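To be precise, the following lines are run15.txt, and they hold compact mmCIF, C-alpha atoms.
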# COMPACT_ATOMS: atom_id res chain seq x y z
CA MET A 1 85.76 45.83 60.41
CA ALA A 2 82.48 45.21 62.21
CA SER A 3 81.00 48.15 64.06
CA ALA A 4 80.40 47.85 67.77
CA PRO A 5 77.57 49.66 69.54
CA THR A 6 78.50 53.18 70.51
CA GLY A 7 77.36 55.52 73.24
CA VAL A 8 77.95 55.92 76.95
CA PRO A 9 75.99 53.69 79.35
CA ALA A 10 72.41 54.75 80.08
CA ASP A 11 73.22 55.33 83.76
CA ALA A 12 76.33 57.45 83.09
CA LYS A 13 76.51 60.85 84.77
CA THR A 14 75.54 63.78 82.57
CA LEU A 15 76.03 67.54 82.51
CA LEU A 16 73.31 69.69 80.94
CA GLY A 17 71.80 66.53 79.54
CA HIS A 18 75.00 65.39 77.79
CA PRO A 19 77.75 62.95 78.81
CA ARG A 20 80.45 64.68 80.80
CA GLY A 21 83.00 63.52 78.26
CA LEU A 22 81.54 65.98 75.75
CA PHE A 23 82.71 68.91 77.83
CA MET A 24 86.18 67.40 78.27
CA LEU A 25 86.40 67.24 74.50
CA PHE A 26 84.93 70.74 74.23
CA PHE A 27 87.78 72.20 76.27
CA ALA A 28 90.42 70.03 74.60
CA GLU A 29 89.44 71.30 71.16
CA MET A 30 89.07 74.83 72.49
CA TRP A 31 92.66 74.78 73.75
CA GLU A 32 93.91 73.27 70.49
CA ARG A 33 92.32 76.14 68.53
CA PHE A 34 93.58 78.56 71.18
CA SER A 35 97.05 77.14 70.53
CA TYR A 36 96.83 77.35 66.75
CA TYR A 37 95.34 80.81 66.37
CA GLY A 38 97.37 82.19 69.26
CA MET A 39 100.53 80.89 67.60
CA ARG A 40 99.52 82.47 64.31
CA ALA A 41 99.00 85.80 66.05
CA ILE A 42 102.56 86.15 67.38
CA LEU A 43 104.75 83.71 65.42
CA ILE A 44 106.09 86.21 62.87
CA PHE A 45 106.53 88.91 65.52
CA TYR A 46 108.42 86.43 67.70
CA LEU A 47 110.73 85.46 64.86
CA THR A 48 111.42 89.02 63.71
CA LYS A 49 111.59 90.75 67.08
CA HIS A 50 113.11 88.04 69.27
CA PHE A 51 115.28 85.99 66.89
CA LEU A 52 115.78 88.99 64.57
CA PHE A 53 114.78 87.10 61.43
CA ALA A 54 114.25 88.97 58.20
CA GLU A 55 110.66 89.00 56.95
CA GLU A 56 111.16 86.44 54.17
CA PRO A 57 112.44 83.53 56.31
CA ALA A 58 109.93 84.42 59.03
CA TYR A 59 107.06 84.17 56.58
CA GLY A 60 108.54 80.92 55.26
CA ILE A 61 108.45 79.34 58.73
CA TYR A 62 104.94 80.68 59.28
CA GLY A 63 103.77 79.17 55.99
CA ALA A 64 105.41 75.82 56.71
CA TYR A 65 103.80 75.69 60.15
CA THR A 66 100.29 76.52 58.98
CA SER A 67 100.56 74.07 56.07
CA LEU A 68 101.81 71.17 58.18
CA VAL A 69 99.07 71.73 60.76
CA TYR A 70 96.51 70.87 58.07
CA ILE A 71 98.51 68.06 56.42
CA THR A 72 99.54 66.06 59.50
CA PRO A 73 95.94 65.15 60.52
CA VAL A 74 95.95 62.77 57.53
CA ILE A 75 98.84 60.87 59.10
CA GLY A 76 97.41 61.22 62.61
CA GLY A 77 94.07 59.82 61.44
CA TYR A 78 95.74 56.92 59.68
CA LEU A 79 97.86 55.98 62.70
CA ALA A 80 94.88 56.20 65.03
CA ASP A 81 92.74 54.18 62.65
CA ARG A 82 95.28 51.39 62.30
CA PHE A 83 97.25 51.32 65.52
CA LEU A 84 96.48 53.72 68.39
CA GLY A 85 92.75 54.27 68.54
CA ALA A 86 91.14 57.69 68.65
CA ARG A 87 91.28 58.17 72.43
CA LYS A 88 95.02 57.51 72.73
CA ALA A 89 95.70 59.65 69.68
CA VAL A 90 93.86 62.59 71.23
CA LEU A 91 95.72 62.11 74.50
CA PHE A 92 99.10 61.96 72.77
CA GLY A 93 98.18 64.96 70.66
CA GLY A 94 97.32 67.05 73.71
CA ILE A 95 100.59 66.11 75.39
CA PHE A 96 102.64 66.96 72.30
CA ILE A 97 100.93 70.35 71.95
CA ALA A 98 101.45 71.15 75.63
CA VAL A 99 105.11 70.10 75.55
CA GLY A 100 105.73 72.18 72.44
CA HIS A 101 104.29 75.34 73.92
CA LEU A 102 106.05 74.91 77.23
CA LEU A 103 109.39 74.28 75.50
CA ILE A 104 109.07 77.57 73.63
CA ALA A 105 108.23 79.32 76.89
CA VAL A 106 111.13 77.77 78.83
CA PHE A 107 113.81 78.08 76.13
CA GLU A 108 113.00 81.64 75.10
CA GLY A 109 116.52 82.90 75.68
CA PRO A 110 117.86 86.45 75.37
CA ALA A 111 116.67 88.52 72.43
CA GLY A 112 118.82 88.06 69.35
CA THR A 113 120.36 84.80 70.59
CA GLN A 114 119.85 81.80 68.34
CA GLY A 115 121.89 78.57 68.59
CA LEU A 116 120.36 76.20 71.14
CA TYR A 117 117.35 78.45 71.66
CA LEU A 118 116.44 78.46 67.98
CA ASP A 119 116.95 74.68 67.73
CA SER A 120 114.67 74.24 70.73
CA PHE A 121 112.10 76.47 69.06
CA TYR A 122 112.12 74.35 65.89
CA PHE A 123 111.78 71.16 67.93
CA ALA A 124 108.91 72.67 69.94
CA LEU A 125 107.17 73.79 66.76
CA ALA A 126 107.49 70.24 65.41
CA CYS A 127 105.91 68.89 68.61
CA ILE A 128 102.94 71.23 68.18
CA VAL A 129 102.51 70.16 64.56
CA VAL A 130 102.64 66.45 65.46
CA GLY A 131 100.25 66.97 68.37
CA THR A 132 97.77 68.81 66.20
CA GLY A 133 97.95 66.01 63.66
CA PHE A 134 96.96 63.46 66.27
CA LEU A 135 94.32 65.54 68.01
CA LYS A 136 92.58 67.32 65.16
CA ALA A 137 91.94 64.17 63.11
CA ASN A 138 90.45 62.14 65.94
CA ILE A 139 88.71 64.28 68.51
CA SER A 140 85.49 64.55 66.47
CA VAL A 141 85.39 60.75 66.36
CA LEU A 142 85.23 60.67 70.15
CA VAL A 143 82.33 63.11 70.16
CA GLY A 144 80.39 60.84 67.82
CA GLN A 145 81.19 57.76 69.89
CA LEU A 146 79.57 59.30 72.95
CA TYR A 147 76.13 58.78 71.39
CA ARG A 148 74.27 56.06 69.57
CA ARG A 149 73.45 56.95 65.98
CA GLU A 150 69.75 57.34 66.72
CA ASP A 151 70.34 59.55 69.80
CA VAL A 152 68.63 62.93 69.26
CA ARG A 153 71.35 64.61 71.36
CA ARG A 154 74.02 63.77 68.78
CA ASP A 155 73.58 66.82 66.53
CA PRO A 156 73.28 69.30 69.43
CA ALA A 157 76.43 67.75 70.89
CA PHE A 158 78.40 68.60 67.77
CA SER A 159 77.00 72.13 67.91
CA ILE A 160 78.32 72.47 71.46
CA PHE A 161 81.64 71.01 70.38
CA TYR A 162 81.98 73.49 67.50
CA MET A 163 81.28 76.31 69.93
CA GLY A 164 84.51 75.28 71.64
CA ILE A 165 86.34 75.58 68.32
CA ASN A 166 85.00 79.09 67.77
CA LEU A 167 85.68 80.15 71.35
CA GLY A 168 89.30 79.03 71.20
CA ALA A 169 89.81 80.70 67.82
CA TRP A 170 88.37 83.94 69.20
CA ILE A 171 90.18 84.27 72.52
CA GLY A 172 93.50 82.70 71.42
CA PRO A 173 94.86 85.64 69.39
CA ILE A 174 93.64 88.16 71.95
CA ILE A 175 95.17 86.53 75.03
CA VAL A 176 98.32 85.15 73.43
CA GLY A 177 98.89 88.36 71.47
CA TYR A 178 98.53 90.54 74.54
CA LEU A 179 100.74 88.37 76.73
CA GLY A 180 103.37 87.94 74.05
CA GLU A 181 103.69 91.63 73.18
CA ARG A 182 103.01 93.27 76.55
CA VAL A 183 104.21 90.76 79.17
CA GLY A 184 106.70 88.41 77.54
CA TRP A 185 106.93 85.93 74.69
CA GLY A 186 107.18 83.01 77.08
CA TRP A 187 103.93 84.01 78.75
CA GLY A 188 102.15 84.11 75.42
CA PHE A 189 103.33 80.70 74.26
CA GLY A 190 103.00 79.16 77.70
CA ALA A 191 99.34 80.19 78.08
CA ALA A 192 98.14 77.63 75.56
CA GLY A 193 100.47 74.94 76.89
CA ILE A 194 99.27 75.17 80.48
CA GLY A 195 95.62 74.72 79.56
CA MET A 196 96.30 71.82 77.23
CA LEU A 197 98.65 70.14 79.71
CA ALA A 198 96.00 70.24 82.44
CA LEU A 199 93.49 68.54 80.16
CA ALA A 200 95.86 66.08 78.55
CA THR A 201 97.33 64.76 81.77
CA GLY A 202 94.13 64.91 83.78
CA LYS A 203 90.79 64.61 82.05
CA LEU A 204 91.72 62.83 78.84
CA ARG A 205 93.52 59.95 80.53
CA GLU A 206 90.42 58.93 82.49
CA SER A 207 88.70 55.68 81.69
CA GLY A 208 87.54 55.17 78.13
CA GLY A 209 83.94 54.83 79.29
CA LYS A 210 83.73 58.57 79.81
CA LEU A 211 85.07 59.47 76.41
CA ALA A 212 84.50 56.59 74.03
CA ILE A 213 83.12 53.13 74.53
CA VAL A 214 84.43 51.36 71.48
CA ALA A 215 87.59 50.97 69.47
CA PRO A 216 87.86 52.83 66.15
CA GLU A 217 85.49 51.63 63.44
CA GLY A 218 88.03 51.91 60.64
CA LYS A 219 86.49 55.11 59.27
CA ILE A 220 88.54 57.93 60.78
CA LEU A 221 90.19 58.87 57.51
CA GLN A 222 86.82 59.54 55.94
CA LEU A 223 86.52 62.65 58.11
CA LEU A 224 89.34 64.25 56.14
CA ASN A 225 88.51 66.04 52.93
CA GLN A 226 89.91 65.30 49.49
CA THR A 227 92.08 68.43 49.49
CA GLN A 228 93.99 67.17 52.54
CA MET A 229 94.37 63.70 51.02
CA THR A 230 95.73 65.15 47.78
CA ALA A 231 98.21 67.32 49.69
CA ILE A 232 99.63 64.49 51.75
CA VAL A 233 99.81 62.06 48.84
CA SER A 234 101.81 64.62 46.86
CA VAL A 235 104.27 64.93 49.76
CA CYS A 236 104.33 61.30 50.88
CA PRO A 237 103.73 58.97 47.91
CA THR A 238 103.98 55.96 50.19
CA LEU A 239 100.53 56.76 51.55
CA GLU A 240 98.93 56.68 48.11
CA SER A 241 97.89 53.06 48.48
CA ALA A 242 96.22 53.87 51.82
CA SER A 243 94.26 56.77 50.39
CA ALA A 244 93.07 54.59 47.50
CA THR A 245 91.13 52.42 49.93
CA LEU A 246 88.86 55.30 51.01
The structure given in the file should be rewritten as structure tokens.
Amino acid sequence: MASAPTGVPADAKTLLGHPRGLFMLFFAEMWERFSYYGMRAILIFYLTKHFLFAEEPAYGIYGAYTSLVYITPVIGGYLADRFLGARKAVLFGGIFIAVGHLLIAVFEGPAGTQGLYLDSFYFALACIVVGTGFLKANISVLVGQLYRREDVRRDPAFSIFYMGINLGAWIGPIIVGYLGERVGWGWGFGAAGIGMLALATGKLRESGGKLAIVAPEGKILQLLNQTQMTAIVSVCPTLESASATL
């Protein structure tokens, strides 16, 4: 696939010398990491204290969740590369993550009650996993597409972007853990969902010119490492032919 020129227009509005889209992506990735590390902080406590799970099945769900979060970006990258485009994939990912967190918050239910509430929890967890798969594999692509390859701001932009990752990973467990244990489980899970929902439905659906100028260049999957590719091929052999093209 031929590569189109990348970068925002020369007369585009900037913030601190960078396209404004960079800071939209900064906060989107920050909230995604907030979601992930916040979920890790209280997931086992939620399962054992609220749903009264024994430790073994609780740890099993925790392990499945953390594993799938790092496997699904292979599929999310492939779908964005072939069908959706990076911008739509990031938007869909943000919406899925927000919906998942808000479903857990809304369908918390009385302590010790499972049934519909547990089914809703599993469905919400699946939404978060799918959303992370779409968002995590493609958001870095949008950062790169904000700048031409020779733009000296490109490397500093990624440094700013990675600061968002670290910030979300730092404050997520603190805020979600405190709200979940001291205020209510729904408050803890809902905190990440509200922030992501605001970005997904507002900022990220703005015109493509503010986030990415071109369609995908057919190289999204190359951002994923060989360990992730091996993991997904072992689970989904049907993708083996796709991975062989990298």
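Ranking A:Leu16, A:Met30, A:Ala137, A:Val183 by their shortest atom-to-atom distance to Tyr70 of chain A, with only C-alpha atoms included, puts A:Ala137 first.
Contact shell of Met39 of chain A at 9 Å (only C-alpha atoms; same-chain neighbours under 5 positions omitted): Phe34, Gly172, Pro173, Val176, Gly177, Gly188, Phe189 and Ala192 of chain A.
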Which residue is closest to Leu118 of chain A? Choose from A:Val90, A:Ile171, A:Ile104, A:Ile139 and count all atoms listed in the file. A:Ile104
Best match for closeness to Arg40 of chain A among A:Leu125, A:Gly115, A:Pro19, A:Asn166, counting only C-alpha atoms: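 Of all the options, A:Leu125 lies closest to Arg40 of chain A.
Counting all atoms listed in the file, the residue from A:Asn138, A:Thr132, A:Ser35, A:Ser159 that sits nearest to Arg87 of chain A is A:Asn138.
Using only C-alpha atoms, the smallest distance between any of A:Ile42, A:Gly186, A:Met24, A:Leu68 and Gly164 of chain A comes from A:Met24.
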Pick the closest to Phe23 of chain A from A:Tyr122, A:Val143, A:Trp170, A:Tyr178: which is it, counting all atoms listed in the file? A:Val143
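One finds atom CA of Gly85 of chain A at 17.5 Å from atom CA of Tyr147 of chain A.
The two atoms in question, atom CA of Tyr65 of chain A and atom CA of Leu79 of chain A, are spaced 20.7 Å apart.
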Point-to-point distance in Å for atom CA of Phe161 of chain A and atom CA of Phe26 of chain A: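 It comes out at 5.1 Å.
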Using the atoms already present, construct N, CA and C atoms for segment 76-97 of chain A and hand them back as a PDB file, in the frame of the given file.
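Writing done, so here's part14.pdb:
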ATOM      1  N   GLY A  76      97.931  61.496  61.274  1.00  0.00           N
ATOM      2  CA  GLY A  76      97.410  61.220  62.610  1.00  0.00           C
ATOM      3  C   GLY A  76      96.158  60.367  62.563  1.00  0.00           C
ATOM      4  N   GLY A  77      95.276  60.638  61.593  1.00  0.00           N
ATOM      5  CA  GLY A  77      94.070  59.820  61.440  1.00  0.00           C
ATOM      6  C   GLY A  77      94.395  58.402  61.031  1.00  0.00           C
ATOM      7  N   TYR A  78      95.355  58.253  60.139  1.00  0.00           N
ATOM      8  CA  TYR A  78      95.740  56.920  59.680  1.00  0.00           C
ATOM      9  C   TYR A  78      96.334  56.095  60.829  1.00  0.00           C
ATOM     10  N   LEU A  79      97.238  56.704  61.589  1.00  0.00           N
ATOM     11  CA  LEU A  79      97.860  55.980  62.700  1.00  0.00           C
ATOM     12  C   LEU A  79      96.846  55.601  63.773  1.00  0.00           C
ATOM     13  N   ALA A  80      95.912  56.512  64.045  1.00  0.00           N
ATOM     14  CA  ALA A  80      94.880  56.200  65.030  1.00  0.00           C
ATOM     15  C   ALA A  80      93.959  55.111  64.525  1.00  0.00           C
ATOM     16  N   ASP A  81      93.639  55.162  63.256  1.00  0.00           N
ATOM     17  CA  ASP A  81      92.740  54.180  62.650  1.00  0.00           C
ATOM     18  C   ASP A  81      93.329  52.788  62.673  1.00  0.00           C
ATOM     19  N   ARG A  82      94.634  52.688  62.444  1.00  0.00           N
ATOM     20  CA  ARG A  82      95.280  51.390  62.300  1.00  0.00           C
ATOM     21  C   ARG A  82      95.937  50.871  63.564  1.00  0.00           C
ATOM     22  N   PHE A  83      96.408  51.780  64.413  1.00  0.00           N
ATOM     23  CA  PHE A  83      97.250  51.320  65.520  1.00  0.00           C
ATOM     24  C   PHE A  83      96.812  51.832  66.893  1.00  0.00           C
ATOM     25  N   LEU A  84      96.622  53.149  67.053  1.00  0.00           N
ATOM     26  CA  LEU A  84      96.480  53.720  68.390  1.00  0.00           C
ATOM     27  C   LEU A  84      95.056  53.723  68.919  1.00  0.00           C
ATOM     28  N   GLY A  85      94.101  53.987  68.076  1.00  0.00           N
ATOM     29  CA  GLY A  85      92.750  54.270  68.540  1.00  0.00           C
ATOM     30  C   GLY A  85      92.594  55.759  68.749  1.00  0.00           C
ATOM     31  N   ALA A  86      91.379  56.244  68.599  1.00  0.00           N
ATOM     32  CA  ALA A  86      91.140  57.690  68.650  1.00  0.00           C
ATOM     33  C   ALA A  86      91.448  58.287  70.017  1.00  0.00           C
ATOM     34  N   ARG A  87      91.095  57.585  71.094  1.00  0.00           N
ATOM     35  CA  ARG A  87      91.280  58.170  72.430  1.00  0.00           C
ATOM     36  C   ARG A  87      92.751  58.370  72.760  1.00  0.00           C
ATOM     37  N   LYS A  88      93.586  57.370  72.473  1.00  0.00           N
ATOM     38  CA  LYS A  88      95.020  57.510  72.730  1.00  0.00           C
ATOM     39  C   LYS A  88      95.630  58.571  71.833  1.00  0.00           C
ATOM     40  N   ALA A  89      95.168  58.646  70.598  1.00  0.00           N
ATOM     41  CA  ALA A  89      95.700  59.650  69.680  1.00  0.00           C
ATOM     42  C   ALA A  89      95.404  61.057  70.183  1.00  0.00           C
ATOM     43  N   VAL A  90      94.204  61.282  70.696  1.00  0.00           N
ATOM     44  CA  VAL A  90      93.860  62.590  71.230  1.00  0.00           C
ATOM     45  C   VAL A  90      94.700  62.903  72.469  1.00  0.00           C
ATOM     46  N   LEU A  91      94.894  61.914  73.313  1.00  0.00           N
ATOM     47  CA  LEU A  91      95.720  62.110  74.500  1.00  0.00           C
ATOM     48  C   LEU A  91      97.155  62.454  74.121  1.00  0.00           C
ATOM     49  N   PHE A  92      97.731  61.675  73.205  1.00  0.00           N
ATOM     50  CA  PHE A  92      99.100  61.960  72.770  1.00  0.00           C
ATOM     51  C   PHE A  92      99.189  63.331  72.111  1.00  0.00           C
ATOM     52  N   GLY A  93      98.173  63.666  71.316  1.00  0.00           N
ATOM     53  CA  GLY A  93      98.180  64.960  70.660  1.00  0.00           C
ATOM     54  C   GLY A  93      98.176  66.109  71.658  1.00  0.00           C
ATOM     55  N   GLY A  94      97.350  66.006  72.690  1.00  0.00           N
ATOM     56  CA  GLY A  94      97.320  67.050  73.710  1.00  0.00           C
ATOM     57  C   GLY A  94      98.641  67.195  74.430  1.00  0.00           C
ATOM     58  N   ILE A  95      99.295  66.064  74.695  1.00  0.00           N
ATOM     59  CA  ILE A  95     100.590  66.110  75.390  1.00  0.00           C
ATOM     60  C   ILE A  95     101.639  66.753  74.495  1.00  0.00           C
ATOM     61  N   PHE A  96     101.675  66.376  73.222  1.00  0.00           N
ATOM     62  CA  PHE A  96     102.640  66.960  72.300  1.00  0.00           C
ATOM     63  C   PHE A  96     102.454  68.479  72.181  1.00  0.00           C
ATOM     64  N   ILE A  97     101.200  68.914  72.063  1.00  0.00           N
ATOM     65  CA  ILE A  97     100.930  70.350  71.950  1.00  0.00           C
ATOM     66  C   ILE A  97     101.390  71.077  73.212  1.00  0.00           C
TER      67      ILE A  97
END
